[in-house]
file final20.txt (compact mmCIF, C-alpha atoms)
# COMPACT_ATOMS: atom_id res chain seq x y z
CA MET A 1 -3.26 13.13 -232.33
CA LYS A 2 -0.65 15.84 -231.65
CA ILE A 3 1.34 15.37 -228.45
CA LEU A 4 3.47 18.05 -226.81
CA ILE A 5 6.09 16.73 -224.38
CA ALA A 6 7.26 19.68 -222.27
CA THR A 7 9.36 18.53 -219.32
CA ASP A 8 11.93 19.71 -216.83
CA SER A 9 15.09 17.71 -216.09
CA PHE A 10 15.39 14.83 -213.66
CA LYS A 11 18.05 16.43 -211.49
CA ASP A 12 21.48 14.71 -211.50
CA SER A 13 20.12 12.07 -213.86
CA LEU A 14 18.64 13.27 -217.17
CA THR A 15 18.49 16.68 -218.82
CA ALA A 16 15.11 18.07 -219.83
CA ARG A 17 15.84 17.16 -223.45
CA GLU A 18 16.82 13.61 -222.50
CA VAL A 19 13.61 13.15 -220.49
CA ALA A 20 11.44 14.48 -223.31
CA LEU A 21 13.20 12.40 -225.97
CA ALA A 22 12.92 9.20 -223.90
CA LEU A 23 9.20 9.81 -223.41
CA LYS A 24 8.78 10.40 -227.14
CA ILE A 25 10.57 7.16 -228.03
CA GLY A 26 8.47 5.17 -225.58
CA PHE A 27 5.20 6.82 -226.57
CA LEU A 28 5.68 6.14 -230.28
CA ARG A 29 6.66 2.56 -229.49
CA GLY A 30 3.35 2.14 -227.68
CA THR A 31 1.18 3.78 -230.34
CA PRO A 32 2.95 4.72 -233.58
CA GLY A 33 1.54 7.29 -235.95
CA HIS A 34 1.09 10.29 -233.66
CA THR A 35 2.81 13.65 -234.10
CA VAL A 36 5.05 14.23 -231.07
CA GLU A 37 6.87 17.50 -230.40
CA ILE A 38 9.38 17.81 -227.56
CA LEU A 39 10.04 21.07 -225.71
CA PRO A 40 12.65 20.98 -222.91
CA LEU A 41 11.75 23.40 -220.11
CA ALA A 42 13.24 24.88 -216.94
CA ASP A 43 12.11 27.20 -214.15
CA GLY A 44 15.16 29.47 -214.08
CA GLY A 45 17.53 27.01 -212.45
CA GLU A 46 19.72 24.31 -213.95
CA GLY A 47 18.80 23.66 -217.59
CA THR A 48 17.49 27.15 -218.34
CA VAL A 49 20.16 27.91 -220.92
CA GLU A 50 19.67 24.57 -222.65
CA ALA A 51 15.88 24.95 -222.75
CA VAL A 52 15.96 28.44 -224.23
CA LEU A 53 18.69 27.68 -226.76
CA ASP A 54 16.97 24.48 -227.85
CA ALA A 55 13.69 26.30 -228.46
CA THR A 56 15.19 29.36 -230.17
CA GLY A 57 18.04 27.79 -232.11
CA GLY A 58 20.59 29.74 -230.10
CA GLN A 59 24.23 29.08 -229.36
CA ARG A 60 26.24 28.29 -226.24
CA ILE A 61 29.27 30.46 -225.43
CA PRO A 62 32.01 28.81 -223.31
CA LEU A 63 33.95 30.99 -220.90
CA ARG A 64 36.59 30.65 -218.19
CA VAL A 65 35.56 32.39 -214.97
CA MET A 66 36.15 32.16 -211.23
CA ASP A 67 34.29 29.57 -209.18
CA PRO A 68 32.87 30.34 -205.70
CA LEU A 69 36.36 29.97 -204.17
CA MET A 70 38.00 32.16 -206.84
CA ARG A 71 39.56 29.33 -208.81
CA GLU A 72 39.36 29.24 -212.59
CA THR A 73 36.58 27.03 -213.91
CA ASP A 74 34.77 26.30 -217.15
CA ALA A 75 31.41 28.02 -217.47
CA PHE A 76 29.06 29.18 -220.23
CA PHE A 77 26.15 31.36 -221.19
CA GLY A 78 23.77 31.25 -224.13
CA ILE A 79 22.57 33.56 -226.87
CA THR A 80 19.05 33.19 -228.25
CA GLY A 81 18.59 32.44 -231.92
CA ASP A 82 17.66 36.03 -232.73
CA GLY A 83 20.90 37.26 -231.15
CA LYS A 84 19.11 39.67 -228.82
CA THR A 85 19.13 37.96 -225.41
CA ALA A 86 21.91 36.48 -223.30
CA VAL A 87 20.78 33.64 -221.00
CA ILE A 88 22.89 32.90 -217.93
CA GLU A 89 22.70 30.33 -215.14
CA MET A 90 24.52 31.59 -212.06
CA ALA A 91 25.13 27.97 -211.06
CA ALA A 92 27.42 27.59 -214.08
CA ALA A 93 29.91 29.82 -212.28
CA SER A 94 28.85 30.12 -208.63
CA GLY A 95 26.86 26.96 -208.04
CA LEU A 96 26.99 24.54 -205.14
CA GLU A 97 27.99 21.74 -207.49
CA LYS A 98 31.26 23.55 -208.20
CA LEU A 99 32.38 22.63 -204.68
CA SER A 100 32.94 19.38 -202.83
CA PRO A 101 30.96 19.01 -199.59
CA SER A 102 34.07 19.84 -197.53
CA GLU A 103 34.60 23.08 -199.49
CA ARG A 104 31.15 24.55 -198.88
CA ASN A 105 31.51 27.69 -196.81
CA PRO A 106 29.21 30.70 -197.44
CA TRP A 107 31.43 32.84 -195.22
CA ILE A 108 34.00 33.00 -198.03
CA THR A 109 32.27 31.92 -201.27
CA SER A 110 31.68 34.60 -203.89
CA THR A 111 29.42 35.34 -206.86
CA TYR A 112 32.35 36.95 -208.71
CA GLY A 113 32.19 34.38 -211.53
CA THR A 114 28.52 35.16 -212.13
CA GLY A 115 29.51 38.79 -212.53
CA GLN A 116 32.10 37.77 -215.10
CA LEU A 117 29.40 36.00 -217.13
CA ILE A 118 27.20 39.10 -216.96
CA ALA A 119 30.16 41.31 -217.95
CA ALA A 120 30.86 39.11 -220.97
CA ALA A 121 27.25 39.49 -222.09
CA LEU A 122 27.34 43.25 -221.54
CA ASP A 123 30.59 43.52 -223.50
CA ARG A 124 28.87 41.93 -226.49
CA GLY A 125 26.04 44.46 -226.37
CA TYR A 126 22.96 42.23 -226.11
CA GLY A 127 19.81 44.19 -225.37
CA ARG A 128 18.54 41.84 -222.70
CA ILE A 129 20.01 39.48 -220.12
CA LEU A 130 18.06 36.70 -218.43
CA LEU A 131 19.75 35.36 -215.30
CA GLY A 132 18.61 32.17 -213.57
CA ILE A 133 19.75 32.13 -209.94
CA GLY A 134 19.04 28.61 -208.68
CA GLY A 135 21.64 26.40 -207.02
CA SER A 136 23.98 28.96 -205.49
CA ALA A 137 26.91 28.21 -203.18
CA THR A 138 27.04 31.78 -201.91
CA ASN A 139 25.65 34.18 -199.33
CA ASP A 140 27.33 37.44 -200.40
CA CYS A 141 24.27 39.44 -201.53
CA GLY A 142 25.74 39.61 -205.02
CA ALA A 143 28.72 41.67 -203.86
CA GLY A 144 31.13 39.45 -205.79
CA MET A 145 28.96 39.76 -208.89
CA ALA A 146 28.95 43.55 -208.57
CA GLU A 147 32.71 43.65 -207.98
CA ALA A 148 33.29 41.81 -211.27
CA LEU A 149 31.26 44.58 -212.91
CA GLY A 150 33.38 47.37 -211.43
CA VAL A 151 31.74 48.14 -208.07
CA ARG A 152 34.10 48.56 -205.09
CA PHE A 153 33.24 47.72 -201.47
CA LEU A 154 35.44 49.54 -199.00
CA ASP A 155 35.95 49.42 -195.24
CA GLY A 156 36.38 52.37 -192.88
CA GLN A 157 39.98 52.87 -194.03
CA GLY A 158 39.03 52.92 -197.69
CA GLU A 159 40.43 49.43 -198.35
CA PRO A 160 38.60 46.64 -200.26
CA VAL A 161 36.87 44.32 -197.79
CA GLY A 162 37.53 41.09 -199.68
CA LYS A 163 35.08 38.44 -200.79
CA GLY A 164 32.33 36.31 -199.28
CA GLY A 165 29.33 36.80 -197.06
CA GLY A 166 31.46 37.14 -193.95
CA VAL A 167 33.06 40.45 -194.97
CA LEU A 168 29.84 42.34 -195.70
CA GLY A 169 29.66 43.55 -192.10
CA HIS A 170 32.84 45.56 -192.72
CA VAL A 171 31.53 47.51 -195.71
CA GLU A 172 31.32 51.24 -195.03
CA ARG A 173 31.41 52.68 -198.53
CA ILE A 174 30.07 51.48 -201.87
CA ASP A 175 31.83 52.98 -204.89
CA LEU A 176 29.71 52.68 -208.03
CA THR A 177 31.79 54.95 -210.25
CA GLY A 178 33.39 52.02 -212.08
CA LEU A 179 30.16 50.14 -212.80
CA HIS A 180 30.10 48.61 -216.29
CA PRO A 181 28.63 51.20 -218.69
CA GLY A 182 26.45 48.58 -220.35
CA VAL A 183 24.28 48.17 -217.26
CA GLY A 184 22.16 51.26 -217.88
CA SER A 185 21.30 50.34 -221.45
CA THR A 186 20.46 46.66 -220.92
CA GLU A 187 17.23 45.09 -219.68
CA ILE A 188 18.17 42.61 -216.97
CA LEU A 189 15.64 40.03 -215.80
CA VAL A 190 16.19 37.60 -212.94
CA ALA A 191 14.37 34.28 -212.87
CA CYS A 192 13.42 33.91 -209.22
CA ASP A 193 10.90 31.45 -207.77
CA VAL A 194 11.22 32.19 -204.06
CA ALA A 195 9.77 35.08 -202.06
CA ASN A 196 12.27 35.08 -199.18
CA PRO A 197 13.41 38.47 -197.91
CA LEU A 198 17.13 39.14 -197.51
CA THR A 199 17.32 38.87 -193.72
CA GLY A 200 15.45 37.50 -190.72
CA PRO A 201 13.97 34.07 -189.95
CA GLU A 202 12.85 33.59 -193.57
CA GLY A 203 15.94 35.22 -195.05
CA ALA A 204 18.84 33.97 -197.15
CA SER A 205 21.17 32.97 -194.30
CA VAL A 206 18.66 31.21 -192.06
CA VAL A 207 16.76 29.29 -194.73
CA TYR A 208 19.50 28.46 -197.22
CA GLY A 209 22.77 28.94 -195.33
CA PRO A 210 22.87 25.45 -193.76
CA GLN A 211 22.71 23.66 -197.10
CA LYS A 212 25.71 25.73 -198.20
CA GLY A 213 27.82 24.71 -195.23
CA ALA A 214 26.88 27.21 -192.50
CA ASP A 215 26.46 26.05 -188.91
CA ARG A 216 24.11 27.80 -186.48
CA GLN A 217 26.70 30.34 -185.32
CA MET A 218 27.72 31.20 -188.88
CA VAL A 219 24.08 31.63 -189.87
CA ARG A 220 23.61 34.27 -187.18
CA LYS A 221 26.74 36.13 -188.23
CA LEU A 222 25.87 35.98 -191.92
CA ASP A 223 22.39 37.33 -191.23
CA ALA A 224 23.87 40.23 -189.25
CA SER A 225 26.34 40.94 -192.07
CA LEU A 226 23.55 41.03 -194.65
CA ARG A 227 21.53 43.37 -192.45
CA HIS A 228 24.51 45.73 -192.16
CA PHE A 229 25.15 45.55 -195.91
CA ALA A 230 21.49 46.24 -196.73
CA GLY A 231 21.68 49.32 -194.53
CA LYS A 232 24.70 50.63 -196.43
CA ILE A 233 22.92 50.00 -199.74
CA ARG A 234 19.90 51.91 -198.45
CA GLU A 235 22.03 54.84 -197.28
CA GLN A 236 24.21 55.11 -200.36
CA THR A 237 21.99 54.08 -203.27
CA GLY A 238 18.52 54.83 -201.95
CA ARG A 239 17.39 51.30 -202.75
CA GLU A 240 15.51 49.30 -200.12
CA ILE A 241 16.25 45.63 -200.68
CA GLU A 242 16.20 44.03 -197.24
CA HIS A 243 12.52 43.11 -197.18
CA THR A 244 11.84 42.83 -200.90
CA PRO A 245 10.25 39.47 -201.81
CA GLY A 246 12.88 37.39 -203.60
CA ALA A 247 15.79 39.45 -202.29
CA GLY A 248 17.00 36.43 -200.32
CA ALA A 249 17.20 34.19 -203.38
CA ALA A 250 20.63 32.67 -204.11
CA GLY A 251 22.19 33.97 -200.91
CA GLY A 252 20.97 37.49 -201.55
CA LEU A 253 21.99 37.63 -205.22
CA GLY A 254 18.40 38.68 -205.91
CA ALA A 255 18.95 41.72 -203.70
CA GLY A 256 22.29 42.51 -205.31
CA MET A 257 20.84 42.35 -208.80
CA ILE A 258 18.20 44.89 -207.82
CA ALA A 259 20.56 47.13 -205.89
CA PHE A 260 23.48 47.32 -208.31
CA LEU A 261 22.05 46.49 -211.74
CA GLY A 262 18.45 47.69 -211.45
CA ALA A 263 17.23 44.22 -212.40
CA LYS A 264 13.66 42.98 -212.25
CA LEU A 265 12.81 39.75 -210.41
CA GLU A 266 10.22 37.61 -212.18
CA LYS A 267 8.88 34.08 -211.92
CA GLY A 268 11.40 31.78 -213.57
CA PHE A 269 8.91 29.49 -215.23
CA ASP A 270 6.97 32.40 -216.70
CA LEU A 271 10.14 33.92 -218.18
CA VAL A 272 11.25 30.68 -219.79
CA ALA A 273 7.73 29.79 -220.97
CA GLY A 274 7.43 33.13 -222.71
CA MET A 275 10.79 32.78 -224.46
CA VAL A 276 10.03 29.29 -225.79
CA LYS A 277 6.42 30.16 -226.79
CA LEU A 278 5.00 27.41 -224.59
CA GLU A 279 1.44 28.72 -224.48
CA GLU A 280 1.24 28.84 -228.27
CA LYS A 281 2.53 25.27 -228.56
CA ILE A 282 0.04 24.04 -225.93
CA ARG A 283 -2.87 25.52 -227.89
CA LYS A 284 -1.86 23.49 -230.95
CA ALA A 285 -1.58 20.18 -229.04
CA ASP A 286 -4.25 17.60 -228.24
CA LEU A 287 -2.40 16.26 -225.18
CA VAL A 288 0.43 17.66 -223.06
CA ILE A 289 2.92 15.48 -221.18
CA THR A 290 5.09 17.20 -218.59
CA GLY A 291 7.27 16.12 -215.69
CA GLU A 292 10.23 16.58 -213.36
CA GLY A 293 12.35 14.45 -211.04
CA LYS A 294 10.12 14.88 -208.00
CA ILE A 295 6.49 15.89 -207.72
CA ASP A 296 5.18 16.80 -204.27
CA GLY A 297 3.34 19.56 -202.44
CA GLN A 298 6.00 22.10 -203.43
CA THR A 299 5.45 21.54 -207.15
CA ARG A 300 2.56 23.99 -207.19
CA TYR A 301 4.88 26.84 -206.15
CA GLY A 302 6.35 27.71 -209.53
CA LYS A 303 7.71 24.36 -210.69
CA VAL A 304 7.51 23.29 -214.33
CA PRO A 305 4.65 20.72 -214.12
CA PHE A 306 2.42 23.19 -212.31
CA GLY A 307 3.21 25.95 -214.78
CA VAL A 308 2.50 23.69 -217.73
CA ALA A 309 -0.76 22.51 -216.15
CA ARG A 310 -1.87 26.09 -215.50
CA LEU A 311 -1.35 27.09 -219.13
CA ALA A 312 -2.93 23.88 -220.42
CA ALA A 313 -6.00 24.36 -218.24
CA GLY A 314 -6.47 27.80 -219.79
CA ALA A 315 -6.41 26.18 -223.23
CA HIS A 316 -8.63 23.26 -222.07
CA LYS A 317 -5.95 20.67 -222.85
CA PRO A 318 -5.42 17.48 -220.79
CA VAL A 319 -2.08 17.06 -219.01
CA ILE A 320 -0.23 13.94 -217.89
CA ALA A 321 2.78 14.30 -215.59
CA VAL A 322 5.75 11.93 -215.34
CA THR A 323 8.04 11.88 -212.32
CA GLY A 324 10.85 9.96 -210.71
CA SER A 325 9.33 10.36 -207.26
CA MET A 326 5.69 11.05 -206.37
CA GLU A 327 5.54 12.23 -202.78
CA SER A 328 3.07 13.56 -200.23
CA GLY A 329 1.04 16.52 -201.43
CA SER A 330 1.23 15.63 -205.10
CA GLU A 331 -2.47 14.79 -205.17
CA ALA A 332 -3.23 18.51 -204.87
CA LEU A 333 -2.11 18.89 -208.49
CA TYR A 334 -5.21 17.04 -209.66
CA THR A 335 -7.20 20.19 -208.93
CA GLU A 336 -4.65 22.34 -210.79
CA GLY A 337 -5.04 20.82 -214.25
CA ILE A 338 -3.02 17.59 -214.11
CA THR A 339 -5.17 14.60 -215.06
CA ALA A 340 -2.79 11.82 -214.02
CA VAL A 341 0.73 11.32 -212.64
CA PHE A 342 2.89 8.40 -213.79
CA PRO A 343 5.92 7.57 -211.59
CA VAL A 344 8.73 5.94 -213.56
CA ILE A 345 9.95 3.67 -210.73
CA GLU A 346 8.85 0.13 -211.49
CA ARG A 347 10.10 -1.82 -208.46
CA PRO A 348 11.88 -1.23 -205.15
CA MET A 349 15.38 0.12 -205.87
CA THR A 350 18.04 2.44 -204.50
CA LEU A 351 18.40 6.03 -205.67
CA GLU A 352 21.64 5.06 -207.39
CA GLN A 353 19.88 2.29 -209.31
CA ALA A 354 17.02 4.61 -210.26
CA MET A 355 19.40 7.22 -211.63
CA ARG A 356 21.43 4.62 -213.52
CA HIS A 357 18.37 3.21 -215.27
CA ALA A 358 16.39 6.45 -215.57
CA ARG A 359 16.43 6.67 -219.34
CA GLU A 360 15.00 3.23 -220.00
CA MET A 361 12.42 3.61 -217.22
CA VAL A 362 11.25 6.91 -218.68
CA GLU A 363 10.97 5.28 -222.10
CA ARG A 364 8.87 2.46 -220.69
CA THR A 365 6.69 5.01 -218.89
CA GLY A 366 6.08 6.79 -222.18
CA GLU A 367 5.02 3.48 -223.68
CA ARG A 368 2.64 2.78 -220.76
CA ILE A 369 1.04 6.19 -221.20
CA ALA A 370 0.49 5.56 -224.91
CA ARG A 371 -1.00 2.11 -224.32
CA THR A 372 -3.27 3.49 -221.60
CA LEU A 373 -4.54 6.19 -223.95
CA SER A 374 -5.29 3.58 -226.63
CA ILE A 375 -7.85 1.84 -224.41
CA ARG A 376 -11.39 2.13 -225.75
CA CYS A 377 -14.11 1.45 -223.15
call {"tool": "encode", "arguments": {"input": "final20.txt", "output": "structure tokens"}}
result
Amino acid sequence: MKILIATDSFKDSLTAREVALALKIGFLRGTPGHTVEILPLADGGEGTVEAVLDATGGQRIPLRVMDPLMRETDAFFGITGDGKTAVIEMAAASGLEKLSPSERNPWITSTYGTGQLIAAALDRGYGRILLGIGGSATNDCGAGMAEALGVRFLDGQGEPVGKGGGVLGHVERIDLTGLHPGVGSTEILVACDVANPLTGPEGASVVYGPQKGADRQMVRKLDASLRHFAGKIREQTGREIEHTPGAGAAGGLGAGMIAFLGAKLEKGFDLVAGMVKLEEKIRKADLVITGEGKIDGQTRYGKVPFGVARLAAGAHKPVIAVTGSMESGSEALYTEGITAVFPVIERPMTLEQAMRHAREMVERTGERIARTLSIRC
């Protein structure tokens, strides 16, 4: 039997490759002799670069850029094995994990470092850029990103407004004359799995601002600043981004990518799946094992297990999902192509204990799956 193990990461615990490899080890311990292929996956967030490079034989490029508070930090982007596509995770430069809890403040955090990663890719002349925008610490509508690429944001006196979501309400003029020349000749795709507009009750500030450090008063001010900024973009570029689905992703970075770089927003899982040839690999398998750290009612909205199940159902292949936490709503996935879900937790334990022993628990889960499949009734 040919098994394809195509999993996402277990966040803050195991990478997608580590999860898949642990499942493979356990599975072959339970029933040796099968052909098992592993394929790390991601949905456009953390792990996207690793998944694409692993599947294409690409290389990782280290780079020093500015973090959300404009301090130098180590970051990276990837180049696919054919040398044609640069793959970037905005979280590598502008992610929430770059900051301590006390430093989180979307009023002042900037996507400038993400722009530096994009600029580095443009400088090298790759024909396509794929940007994953999960995990942001920012609410600046991509203004920092655009500034790193040569765009200037000026107040009524013609002076630069500064950085962060809080200054966007002061922008009166957008100067695009210095925009990086590579933008017009490069296809830029944004992996985006949310449909939030830029502003309003479902917008970037209201929905995601609190997790980035904004209190209720700051949320209101940030939303007003984004509305003002969207108006200036509309007036001066002719692009309407305020109500575009996905514009509110990553603190409005989705909107900024459309407005300043002419990017296209697409489903993150679909982009990654296409690049790693997931559908083709599923067709060649007899059984598919997928998984992620938590499976619940939200999994069906673009997460890796749902995407894998959807493709497998089209190829009439059975799917087993593995997860660290199986929560309310997960049963809905049984109608979406997932045959069974195996939680890895074996006994009552704290989150810290679960994360510390994740690898061996995933291995043992792989073995349990294999032994279950070997039953002949």
call {"tool": "closest_residue", "arguments": {"input": "final20.txt", "among": "A:Gly150, A:Gly47, A:Met349, A:Lys317", "to": "A:Glu279", "atoms": "only C-alpha atoms"}}
result
A:Lys317
call {"tool": "closest_atom_pairs", "arguments": {"input": "final20.txt", "of": "stretch 72-102 of chain A", "to": "stretch 49-56 of chain A", "cutoff": "12 Å", "atoms": "all atoms listed in the file", "output": "CSV"}}
result
residue,atom,partner,partner_atom,distance
A:Ala75,CA,A:Val49,CA,11.8
A:Phe76,CA,A:Val49,CA,9.0
A:Phe77,CA,A:Val49,CA,6.9
A:Gly78,CA,A:Val49,CA,5.9
A:Ile79,CA,A:Leu53,CA,7.0
A:Thr80,CA,A:Leu53,CA,5.7
A:Gly81,CA,A:Thr56,CA,4.9
A:Asp82,CA,A:Thr56,CA,7.6
A:Gly83,CA,A:Thr56,CA,9.8
A:Lys84,CA,A:Thr56,CA,11.1
A:Thr85,CA,A:Val52,CA,10.1
A:Ala86,CA,A:Val49,CA,9.1
A:Val87,CA,A:Val49,CA,5.8
A:Ile88,CA,A:Val49,CA,6.4
A:Glu89,CA,A:Val49,CA,6.8
A:Met90,CA,A:Val49,CA,10.5
A:Ala91,CA,A:Val49,CA,11.0
A:Ala92,CA,A:Val49,CA,10.0
call {"tool": "residues_around", "arguments": {"input": "final20.txt", "residues": "A:Phe27", "least_positions_apart": "6", "cutoff": "6 Å", "atoms": "all atoms listed in the file", "output": "list in words"}}
result
Gly366, Glu367 and Ala370 of chain A
call {"tool": "closest_atom_pairs", "arguments": {"input": "final20.txt", "of": "stretch 141-246 of chain A", "to": "stretch 93-102 of chain A", "cutoff": "12 Å", "atoms": "all atoms listed in the file", "output": "tab-separated table"}}
result
residue	atom	partner	partner_atom	distance
A:Gly142	CA	A:Ser94	CA	10.6
A:Gly144	CA	A:Ser94	CA	10.0
A:Met145	CA	A:Ser94	CA	9.6
A:Gly164	CA	A:Ser94	CA	11.7
A:Tyr208	CA	A:Leu96	CA	11.6
A:Gly209	CA	A:Leu96	CA	11.6
A:Pro210	CA	A:Pro101	CA	11.9
A:Gln211	CA	A:Leu96	CA	9.2
A:Lys212	CA	A:Leu96	CA	7.2
A:Gly213	CA	A:Pro101	CA	7.8
A:Ala214	CA	A:Ser102	CA	11.5
call {"tool": "residues_around", "arguments": {"input": "final20.txt", "residues": "A:Tyr334", "least_positions_apart": "4", "cutoff": "12 Å", "atoms": "only C-alpha atoms", "output": "PDB file with C-alpha atoms, keeping the file's coordinate frame"}}
result
ATOM      1  CA  ILE A 295       6.490  15.890-207.720  1.00  0.00           C
ATOM      2  CA  ASP A 296       5.180  16.800-204.270  1.00  0.00           C
ATOM      3  CA  GLY A 297       3.340  19.560-202.440  1.00  0.00           C
ATOM      4  CA  THR A 299       5.450  21.540-207.150  1.00  0.00           C
ATOM      5  CA  ARG A 300       2.560  23.990-207.190  1.00  0.00           C
ATOM      6  CA  PRO A 305       4.650  20.720-214.120  1.00  0.00           C
ATOM      7  CA  PHE A 306       2.420  23.190-212.310  1.00  0.00           C
ATOM      8  CA  ALA A 309      -0.760  22.510-216.150  1.00  0.00           C
ATOM      9  CA  ARG A 310      -1.870  26.090-215.500  1.00  0.00           C
ATOM     10  CA  ALA A 313      -6.000  24.360-218.240  1.00  0.00           C
ATOM     11  CA  PRO A 318      -5.420  17.480-220.790  1.00  0.00           C
ATOM     12  CA  VAL A 319      -2.080  17.060-219.010  1.00  0.00           C
ATOM     13  CA  ILE A 320      -0.230  13.940-217.890  1.00  0.00           C
ATOM     14  CA  ALA A 321       2.780  14.300-215.590  1.00  0.00           C
ATOM     15  CA  GLY A 329       1.040  16.520-201.430  1.00  0.00           C
ATOM     16  CA  SER A 330       1.230  15.630-205.100  1.00  0.00           C
ATOM     17  CA  ILE A 338      -3.020  17.590-214.110  1.00  0.00           C
ATOM     18  CA  THR A 339      -5.170  14.600-215.060  1.00  0.00           C
ATOM     19  CA  ALA A 340      -2.790  11.820-214.020  1.00  0.00           C
ATOM     20  CA  VAL A 341       0.730  11.320-212.640  1.00  0.00           C
TER      21      VAL A 341
END
call {"tool": "closest_atom_pairs", "arguments": {"input": "final20.txt", "of": "stretch 8-51 of chain A", "to": "stretch 322-327 of chain A", "cutoff": "12 Å", "atoms": "only C-alpha atoms", "output": "CSV"}}
result
residue,atom,partner,partner_atom,distance
A:Asp8,CA,A:Thr323,CA,9.8
A:Ser9,CA,A:Thr323,CA,9.9
A:Phe10,CA,A:Gly324,CA,7.3
A:Lys11,CA,A:Gly324,CA,9.7
A:Asp12,CA,A:Gly324,CA,11.7
A:Ser13,CA,A:Gly324,CA,10.0
A:Leu14,CA,A:Gly324,CA,10.6
A:Val19,CA,A:Val322,CA,9.5
A:Ala20,CA,A:Val322,CA,10.1
A:Ala22,CA,A:Val322,CA,11.5
A:Leu23,CA,A:Val322,CA,9.0
call {"tool": "closest_residue", "arguments": {"input": "final20.txt", "among": "A:Ala250, A:Gly238, A:Gly337, A:Asp67", "to": "A:Ala315", "atoms": "all atoms listed in the file"}}
result
A:Gly337
call {"tool": "axis_aligned_box", "arguments": {"input": "final20.txt", "around": "stretch 198-216 of chain A", "padding_each_side": "5 Å", "output": "JSON"}}
result
{"center_x": 20.3, "center_y": 31.4, "center_z": -192.3, "size_x": 25.0, "size_y": 25.5, "size_z": 21.7}
call {"tool": "residues_around", "arguments": {"input": "final20.txt", "residues": "A:Glu240", "least_positions_apart": "5", "cutoff": "8 Å", "atoms": "all atoms listed in the file", "output": "short mmCIF file (atom, residue, chain, number, x, y, z; two decimals) with C-alpha atoms, keeping the file's coordinate frame"}}
result
data_model
loop_
_atom_site.label_atom_id
_atom_site.label_comp_id
_atom_site.auth_asym_id
_atom_site.auth_seq_id
_atom_site.Cartn_x
_atom_site.Cartn_y
_atom_site.Cartn_z
CA ALA A 230 21.49 46.24 -196.73
CA ILE A 233 22.92 50.00 -199.74
CA ARG A 234 19.90 51.91 -198.45
CA ALA A 259 20.56 47.13 -205.89
#
call {"tool": "closest_residue", "arguments": {"input": "final20.txt", "among": "A:Leu154, A:Val308, A:Ala137, A:Ile375", "to": "A:Pro68", "atoms": "only C-alpha atoms"}}
result
A:Ala137
call {"tool": "closest_residue", "arguments": {"input": "final20.txt", "among": "A:Glu159, A:Thr35, A:Met257, A:Asp223", "to": "A:Cys192", "atoms": "only C-alpha atoms"}}
result
A:Met257
call {"tool": "atom_distance", "arguments": {"input": "final20.txt", "atom1": "atom CA of A:Gly169", "atom2": "atom CA of A:Phe229"}}
result
6.2 Å
call {"tool": "closest_residue", "arguments": {"input": "final20.txt", "among": "A:Ala6, A:Leu21, A:Leu373, A:Tyr112", "to": "A:Leu41", "atoms": "only C-alpha atoms"}}
result
A:Ala6
call {"tool": "residues_around", "arguments": {"input": "final20.txt", "residues": "A:Met218", "least_positions_apart": "3", "cutoff": "12 Å", "atoms": "all atoms listed in the file", "output": "PyMOL selection string"}}
result
chain A and resi 105-108+139+165-166+205-206+209-210+212-215+221-225
call {"tool": "write_last_selection", "arguments": {"input": "final20.txt", "atoms": "C-alpha atoms", "output": "PDB file, keeping the file's coordinate frame"}}
result
ATOM      1  CA  ASN A 105      31.510  27.690-196.810  1.00  0.00           C
ATOM      2  CA  PRO A 106      29.210  30.700-197.440  1.00  0.00           C
ATOM      3  CA  TRP A 107      31.430  32.840-195.220  1.00  0.00           C
ATOM      4  CA  ILE A 108      34.000  33.000-198.030  1.00  0.00           C
ATOM      5  CA  ASN A 139      25.650  34.180-199.330  1.00  0.00           C
ATOM      6  CA  GLY A 165      29.330  36.800-197.060  1.00  0.00           C
ATOM      7  CA  GLY A 166      31.460  37.140-193.950  1.00  0.00           C
ATOM      8  CA  SER A 205      21.170  32.970-194.300  1.00  0.00           C
ATOM      9  CA  VAL A 206      18.660  31.210-192.060  1.00  0.00           C
ATOM     10  CA  GLY A 209      22.770  28.940-195.330  1.00  0.00           C
ATOM     11  CA  PRO A 210      22.870  25.450-193.760  1.00  0.00           C
ATOM     12  CA  LYS A 212      25.710  25.730-198.200  1.00  0.00           C
ATOM     13  CA  GLY A 213      27.820  24.710-195.230  1.00  0.00           C
ATOM     14  CA  ALA A 214      26.880  27.210-192.500  1.00  0.00           C
ATOM     15  CA  ASP A 215      26.460  26.050-188.910  1.00  0.00           C
ATOM     16  CA  LYS A 221      26.740  36.130-188.230  1.00  0.00           C
ATOM     17  CA  LEU A 222      25.870  35.980-191.920  1.00  0.00           C
ATOM     18  CA  ASP A 223      22.390  37.330-191.230  1.00  0.00           C
ATOM     19  CA  ALA A 224      23.870  40.230-189.250  1.00  0.00           C
ATOM     20  CA  SER A 225      26.340  40.940-192.070  1.00  0.00           C
TER      21      SER A 225
END
call {"tool": "closest_residue", "arguments": {"input": "final20.txt", "among": "A:Ala263, A:Leu179, A:Leu69, A:Leu287", "to": "A:Glu103", "atoms": "all atoms listed in the file"}}
result
A:Leu69
call {"tool": "atom_distance", "arguments": {"input": "final20.txt", "atom1": "atom CA of A:Ala285", "atom2": "atom CA of A:Asp193"}}
result
27.1 Å
call {"tool": "atom_distance", "arguments": {"input": "final20.txt", "atom1": "atom CA of A:Leu149", "atom2": "atom CA of A:Thr244"}}
result
22.9 Å
call {"tool": "residues_near_point", "arguments": {"input": "final20.txt", "point": "(7.5, 27.9, -212.0)", "cutoff": "7 Å", "atoms": "all atoms listed in the file", "output": "short mmCIF file (atom, residue, chain, number, x, y, z; two decimals) with C-alpha atoms, keeping the file's coordinate frame"}}
result
data_model
loop_
_atom_site.label_atom_id
_atom_site.label_comp_id
_atom_site.auth_asym_id
_atom_site.auth_seq_id
_atom_site.Cartn_x
_atom_site.Cartn_y
_atom_site.Cartn_z
CA ASP A 43 12.11 27.20 -214.15
CA ASP A 193 10.90 31.45 -207.77
CA LYS A 267 8.88 34.08 -211.92
CA GLY A 268 11.40 31.78 -213.57
CA PHE A 269 8.91 29.49 -215.23
CA ASP A 270 6.97 32.40 -216.70
CA TYR A 301 4.88 26.84 -206.15
CA GLY A 302 6.35 27.71 -209.53
CA LYS A 303 7.71 24.36 -210.69
CA VAL A 304 7.51 23.29 -214.33
CA PHE A 306 2.42 23.19 -212.31
CA GLY A 307 3.21 25.95 -214.78
#
